[in-house]
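*Asks:* Before we start, here is the structure in question, set down as structure tokens.
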Amino acid sequence: MSTVKATELGTKPIRHLLIQYSMPAIIAMTASSLYNIADSIFIGHGCGALALSGLTAAKPFMDICAAFGSFVGVGASTLVAIFLGEKNYESAGRTLGNVIVLNVLLSSIVMAVGLIWLDPILLAFGASENTLVYAHEYMEIILWGNILTHIYFGLNNMLRSMGHPKISMVATIVAVVVNIVLDPIFIFTMGMGVRGAALATIIAQAVSVVWQMRVFLNPNEVLHFHRGIWRLNKQITLRSFAIGTSPFLMNIAHCFVVIIINRQLLRFGGDMALATYGIINRFTFIFAMVVMGLNQGMQPIVGYNYGARQYHRMLRAFRLTAIFATVVIGMMFVLAQAVPELIIRLFTHDTELLAVSITPMRIVCSAMLVVGFQMVTGNFFTSIGMAGKAIFLSLTRQVLFLIPLTMTMPLLFADPIMGVWWSLPVSDTLSAIAAAVMLLVQVPKFRKEEV
């Protein structure tokens with residue numbers, strides 16, 4: 001990427017830039033979410049409802065692994081966007097080297113710890129005696145490929161920040177296509193069950209990393225692999241971690257919230273309630289991934305213009321992203337309320353699971369209209385390096401609201417499982433209010449500084 005390509009973030013119309021940078025990310029994230037849905041469909045129909053429940057129990061551990069990747073990748077990519085806005089190309093290059101080294105170190109530690117204590121971790125995260133075997137088989141393969149997973153996501157973050165959203169999109173689509181092709185071969189043809197689904201994921205990411213490398217091995221790119229970038233730089237590392245702390249804590253908090261919800265669901269509703277939660281998560285995931293795609297498109301625009309002190313452009317990028325995100329989540333809300341049975345039937349033919357899933361689907365999605373705004377606001381503060389504010393917003397829904405509500409609301413209902421379901425939309429509403437208040441305080445400061 002030339003310096004001319006980088007500076008377009010500070011000159012082109014914001015709407016055009018948001019479309020240019022978001023659409024590839026949205027396509028990539030939508031493809032990724034479709035893979036997750038297809039993966040669940042293959043597992044649900046090929047391995048049964050208990051396998052879906054086991055996969056739901058394994059998800060918090062997968063999210064913890066991803067949290068360490070975002071700790072490095074999101075922080076470093078935000079820092080790269082700011083450095084490019086400041087025309088500090090040497091520091092941007094050093095940041096790329098730090099991403100690779102830190103991802104290898106952290107992912108190796110997570111892999112080793114996970115493999116040693118896998119069963120106790122899964123049981124603590126909500127697996128039952130009936131579902132442990134499925135969760136174990138899936139996570140064992142995922143952990144062996146953890147280094148590849150971290151490098152894949154880290155390099156994709158770099159590609160977006162250095163002005164290659166389309167290449168980042170293609171890298172994701174390559175992984176998705178390979179994954180979907182391999183899933184039925186490994187699960188059905190070769191009879192590998194959930195192990196096959198996990199192996200397909202790792203192989204697909206390996207293929208995508210090879211695709212990404214062609215960009216970073218090109219010496220004509222402003223960010224590329226070369227001597228002098230591999231030594232860890234203390235200042236860059238600490239700044240990356242400071243910025244990455246928000247998504248890291250958000251993911252970690254989300255993991256522990258899911259663990260608590262899993263255990264509450266297992267306590268009050270059994271394995272079928274856990275499988276229901278897995279289906280709802282995968283349905284909402286496809287729309288959340290679109291919003292994440294919008295956020296990824298917004299991030300380099302906001303970061304660059306913040307570094308260039310063009311706050312009016314930065315705020316316009318935020319407003320447009322928040323509007324688009326609300327429209328996307330609104331579509332999910334309508335579908336969940338209108339045709340929940342049709343959605344659930346995509347994942348399972350189990351009549352018992354279908355019967356207990358319809359009402360929870362409607363409840364969990366009842367306050368989703370405000371979720372898009374809250375997600376964009378948290379990412380906005382992350383994108384401009386305001387780690388403290390981003391961390392606070394990350395923790396409001398997950399820790400300050402959802403954990404206490406999940407523990408207390410079952411006491412308010414004759415059927416405690418309904419209290420668990422209702423704790424989710426209530427926390428969504430409260431966290432959106434907190435985000436709105438923080439924006440009302442911060443935005444006037446930006447406008448005053450620019451004047």
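Ordering of the structure tokens sets the chain letters (A, B, ...); residue numbers start at 1 within each chain; ligands are numbered from 1 in the order shown.
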At most 6 Å is the cut-off: for each residue in region 221-306 of chain A with any atom that close to an atom of region 385-401 of chain A, write down the nearest atom pair and the distance in Å rounded to one decimal, counting only C-alpha atoms, chain first then increasing number, as a Markdown table.
*Replies:*
```
| residue | atom | partner | partner_atom | distance |
| --- | --- | --- | --- | --- |
| A:Ile243 | CA | A:Ala387 | CA | 5.2 |
| A:Ser246 | CA | A:Ile391 | CA | 4.3 |
| A:Met250 | CA | A:Ser394 | CA | 4.9 |
| A:Ala253 | CA | A:Gln398 | CA | 5.7 |
| A:His254 | CA | A:Gln398 | CA | 5.8 |
```
*Asks:* Hey, can you spit out that residue selection with C-alpha atoms as an mmCIF file, in the first residue's frame?
*Replies:*
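File written: out.cif
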```cif
data_model
loop_
_atom_site.group_PDB
_atom_site.id
_atom_site.type_symbol
_atom_site.label_atom_id
_atom_site.label_comp_id
_atom_site.auth_asym_id
_atom_site.auth_seq_id
_atom_site.Cartn_x
_atom_site.Cartn_y
_atom_site.Cartn_z
ATOM 1 C CA ILE A 243 -5.695 -0.407 23.347
ATOM 2 C CA SER A 246 -10.862 -3.281 25.950
ATOM 3 C CA MET A 250 -14.902 -7.684 26.720
ATOM 4 C CA ALA A 253 -16.044 -11.028 30.439
ATOM 5 C CA HIS A 254 -18.285 -12.464 27.735
#
```
*Asks:* Could you write out, as a ChimeraX atom specification, all the residues of region 172-417 of chain A that DSSP marks as alpha helix (DSSP H)?
*Replies:* /A:172-184,193-216,234-307,311-338,340-345,351-364,371-383,387-395,403-408,416-417
*Asks:* Contacts between region 118-134 of chain A and region 256-323 of chain A, please, where a residue of region 256-323 of chain A counts if it comes within 7 Å (with only C-alpha atoms); show its shortest atom pair and distance in Å to one decimal, rows by chain and ascending number, as a tab-separated table.
*Replies:*
```
residue	atom	partner	partner_atom	distance
A:Ile259	CA	A:Phe125	CA	4.8
A:Asn262	CA	A:Gly126	CA	5.2
A:Arg263	CA	A:Gly126	CA	5.2
```
*Asks:* Can those selected residues be exported to a file as a PDB file, in the first residue's frame so that it contains C-alpha atoms?
*Replies:*
```pdb
ATOM      1  CA  ILE A 259     -20.122 -19.827  31.588  1.00  0.00           C
ATOM      2  CA  ASN A 262     -24.478 -22.103  30.691  1.00  0.00           C
ATOM      3  CA  ARG A 263     -24.440 -23.302  34.291  1.00  0.00           C
TER       4      ARG A 263
END
```
*Asks:* Could you give me, as a list in words, the residues within 9 Å of Ala175 (chain A), counting only C-alpha atoms and dropping anything in the same chain fewer than 4 positions from it?
*Replies:*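 Residues near the query, excluding close chain neighbours: Ser32, Val170, Ala171, Asn179, Ile180, Thr201, Ile203, Ala204, Gln205, Ala206, Val207, Ser208 and Val209 of chain A.
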*Asks:* Just to be explicit: take each residue in the selection above, keep N, CA and C atoms, and write the result as an mmCIF file, in the first residue's frame.
*Replies:*
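As a result, selection-v9.cif now contains:
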```cif
data_model
loop_
_atom_site.group_PDB
_atom_site.id
_atom_site.type_symbol
_atom_site.label_atom_id
_atom_site.label_comp_id
_atom_site.auth_asym_id
_atom_site.auth_seq_id
_atom_site.Cartn_x
_atom_site.Cartn_y
_atom_site.Cartn_z
ATOM 1 N N SER A 32 -18.278 -15.604 7.266
ATOM 2 C CA SER A 32 -17.808 -16.315 8.454
ATOM 3 C C SER A 32 -18.977 -16.776 9.326
ATOM 4 N N VAL A 170 -11.210 -11.399 1.046
ATOM 5 C CA VAL A 170 -10.934 -12.621 0.291
ATOM 6 C C VAL A 170 -10.295 -13.668 1.193
ATOM 7 N N ALA A 171 -9.410 -13.232 2.098
ATOM 8 C CA ALA A 171 -8.771 -14.168 3.020
ATOM 9 C C ALA A 171 -9.807 -14.878 3.880
ATOM 10 N N ASN A 179 -13.600 -24.386 4.605
ATOM 11 C CA ASN A 179 -14.230 -24.977 5.780
ATOM 12 C C ASN A 179 -15.538 -25.684 5.436
ATOM 13 N N ILE A 180 -16.391 -25.002 4.694
ATOM 14 C CA ILE A 180 -17.699 -25.562 4.354
ATOM 15 C C ILE A 180 -17.557 -26.781 3.439
ATOM 16 N N THR A 201 -11.896 -26.518 10.324
ATOM 17 C CA THR A 201 -11.647 -25.125 10.690
ATOM 18 C C THR A 201 -10.161 -24.792 10.645
ATOM 19 N N ILE A 203 -7.621 -26.406 9.104
ATOM 20 C CA ILE A 203 -7.065 -26.504 7.750
ATOM 21 C C ILE A 203 -7.449 -25.274 6.934
ATOM 22 N N ALA A 204 -8.687 -24.832 7.069
ATOM 23 C CA ALA A 204 -9.156 -23.668 6.318
ATOM 24 C C ALA A 204 -8.366 -22.417 6.697
ATOM 25 N N GLN A 205 -8.084 -22.247 7.982
ATOM 26 C CA GLN A 205 -7.314 -21.082 8.416
ATOM 27 C C GLN A 205 -5.878 -21.144 7.921
ATOM 28 N N ALA A 206 -5.314 -22.339 7.853
ATOM 29 C CA ALA A 206 -3.950 -22.492 7.335
ATOM 30 C C ALA A 206 -3.877 -22.067 5.870
ATOM 31 N N VAL A 207 -4.866 -22.467 5.093
ATOM 32 C CA VAL A 207 -4.913 -22.079 3.680
ATOM 33 C C VAL A 207 -5.012 -20.558 3.565
ATOM 34 N N SER A 208 -5.806 -19.926 4.421
ATOM 35 C CA SER A 208 -5.985 -18.480 4.360
ATOM 36 C C SER A 208 -4.710 -17.731 4.757
ATOM 37 N N VAL A 209 -3.962 -18.260 5.733
ATOM 38 C CA VAL A 209 -2.702 -17.628 6.130
ATOM 39 C C VAL A 209 -1.730 -17.594 4.948
#
```
*Asks:* For Gly46 (chain A), which residue among A:Asp271, A:Glu341, A:Asp183, A:Glu449 is the nearest when counting only C-alpha atoms?
*Replies:*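 Selected residue with least distance to Gly46 (chain A): A:Asp183.
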*Asks:* Check which residues of region 248-310 of chain A sit at most 9 Å from region 363-374 of chain A using only C-alpha atoms, and return one row each with the closest pair of atoms and their distance in Å to one decimal, ordered by chain and rising number, as a tab-separated table.
*Replies:*
```
residue	atom	partner	partner_atom	distance
A:Ile280	CA	A:Val364	CA	8.0
A:Thr284	CA	A:Cys365	CA	8.1
A:Ala288	CA	A:Gly372	CA	7.8
A:Val291	CA	A:Gly372	CA	6.7
```
*Asks:* Produce a file of the selected residues containing N, CA and C atoms, as a short mmCIF file (atom, residue, chain, number, x, y, z; two decimals), in the first residue's frame.
*Replies:*
```
data_model
loop_
_atom_site.label_atom_id
_atom_site.label_comp_id
_atom_site.auth_asym_id
_atom_site.auth_seq_id
_atom_site.Cartn_x
_atom_site.Cartn_y
_atom_site.Cartn_z
N ILE A 280 -29.69 -19.94 19.53
CA ILE A 280 -29.94 -18.49 19.56
C ILE A 280 -28.65 -17.73 19.29
N THR A 284 -28.16 -15.05 16.21
CA THR A 284 -27.81 -13.64 16.45
C THR A 284 -26.41 -13.33 15.96
N ALA A 288 -24.72 -9.96 14.31
CA ALA A 288 -23.64 -9.33 15.07
C ALA A 288 -22.37 -9.24 14.23
N VAL A 291 -22.51 -6.26 12.01
CA VAL A 291 -22.16 -5.06 12.78
C VAL A 291 -20.66 -5.01 13.02
#
```
*Asks:* What separation in Å, quoted to one decimal, exists between CA of Tyr306 (chain A) and CA of His16 (chain A)?
*Replies:*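 It comes out at 18.1 Å.
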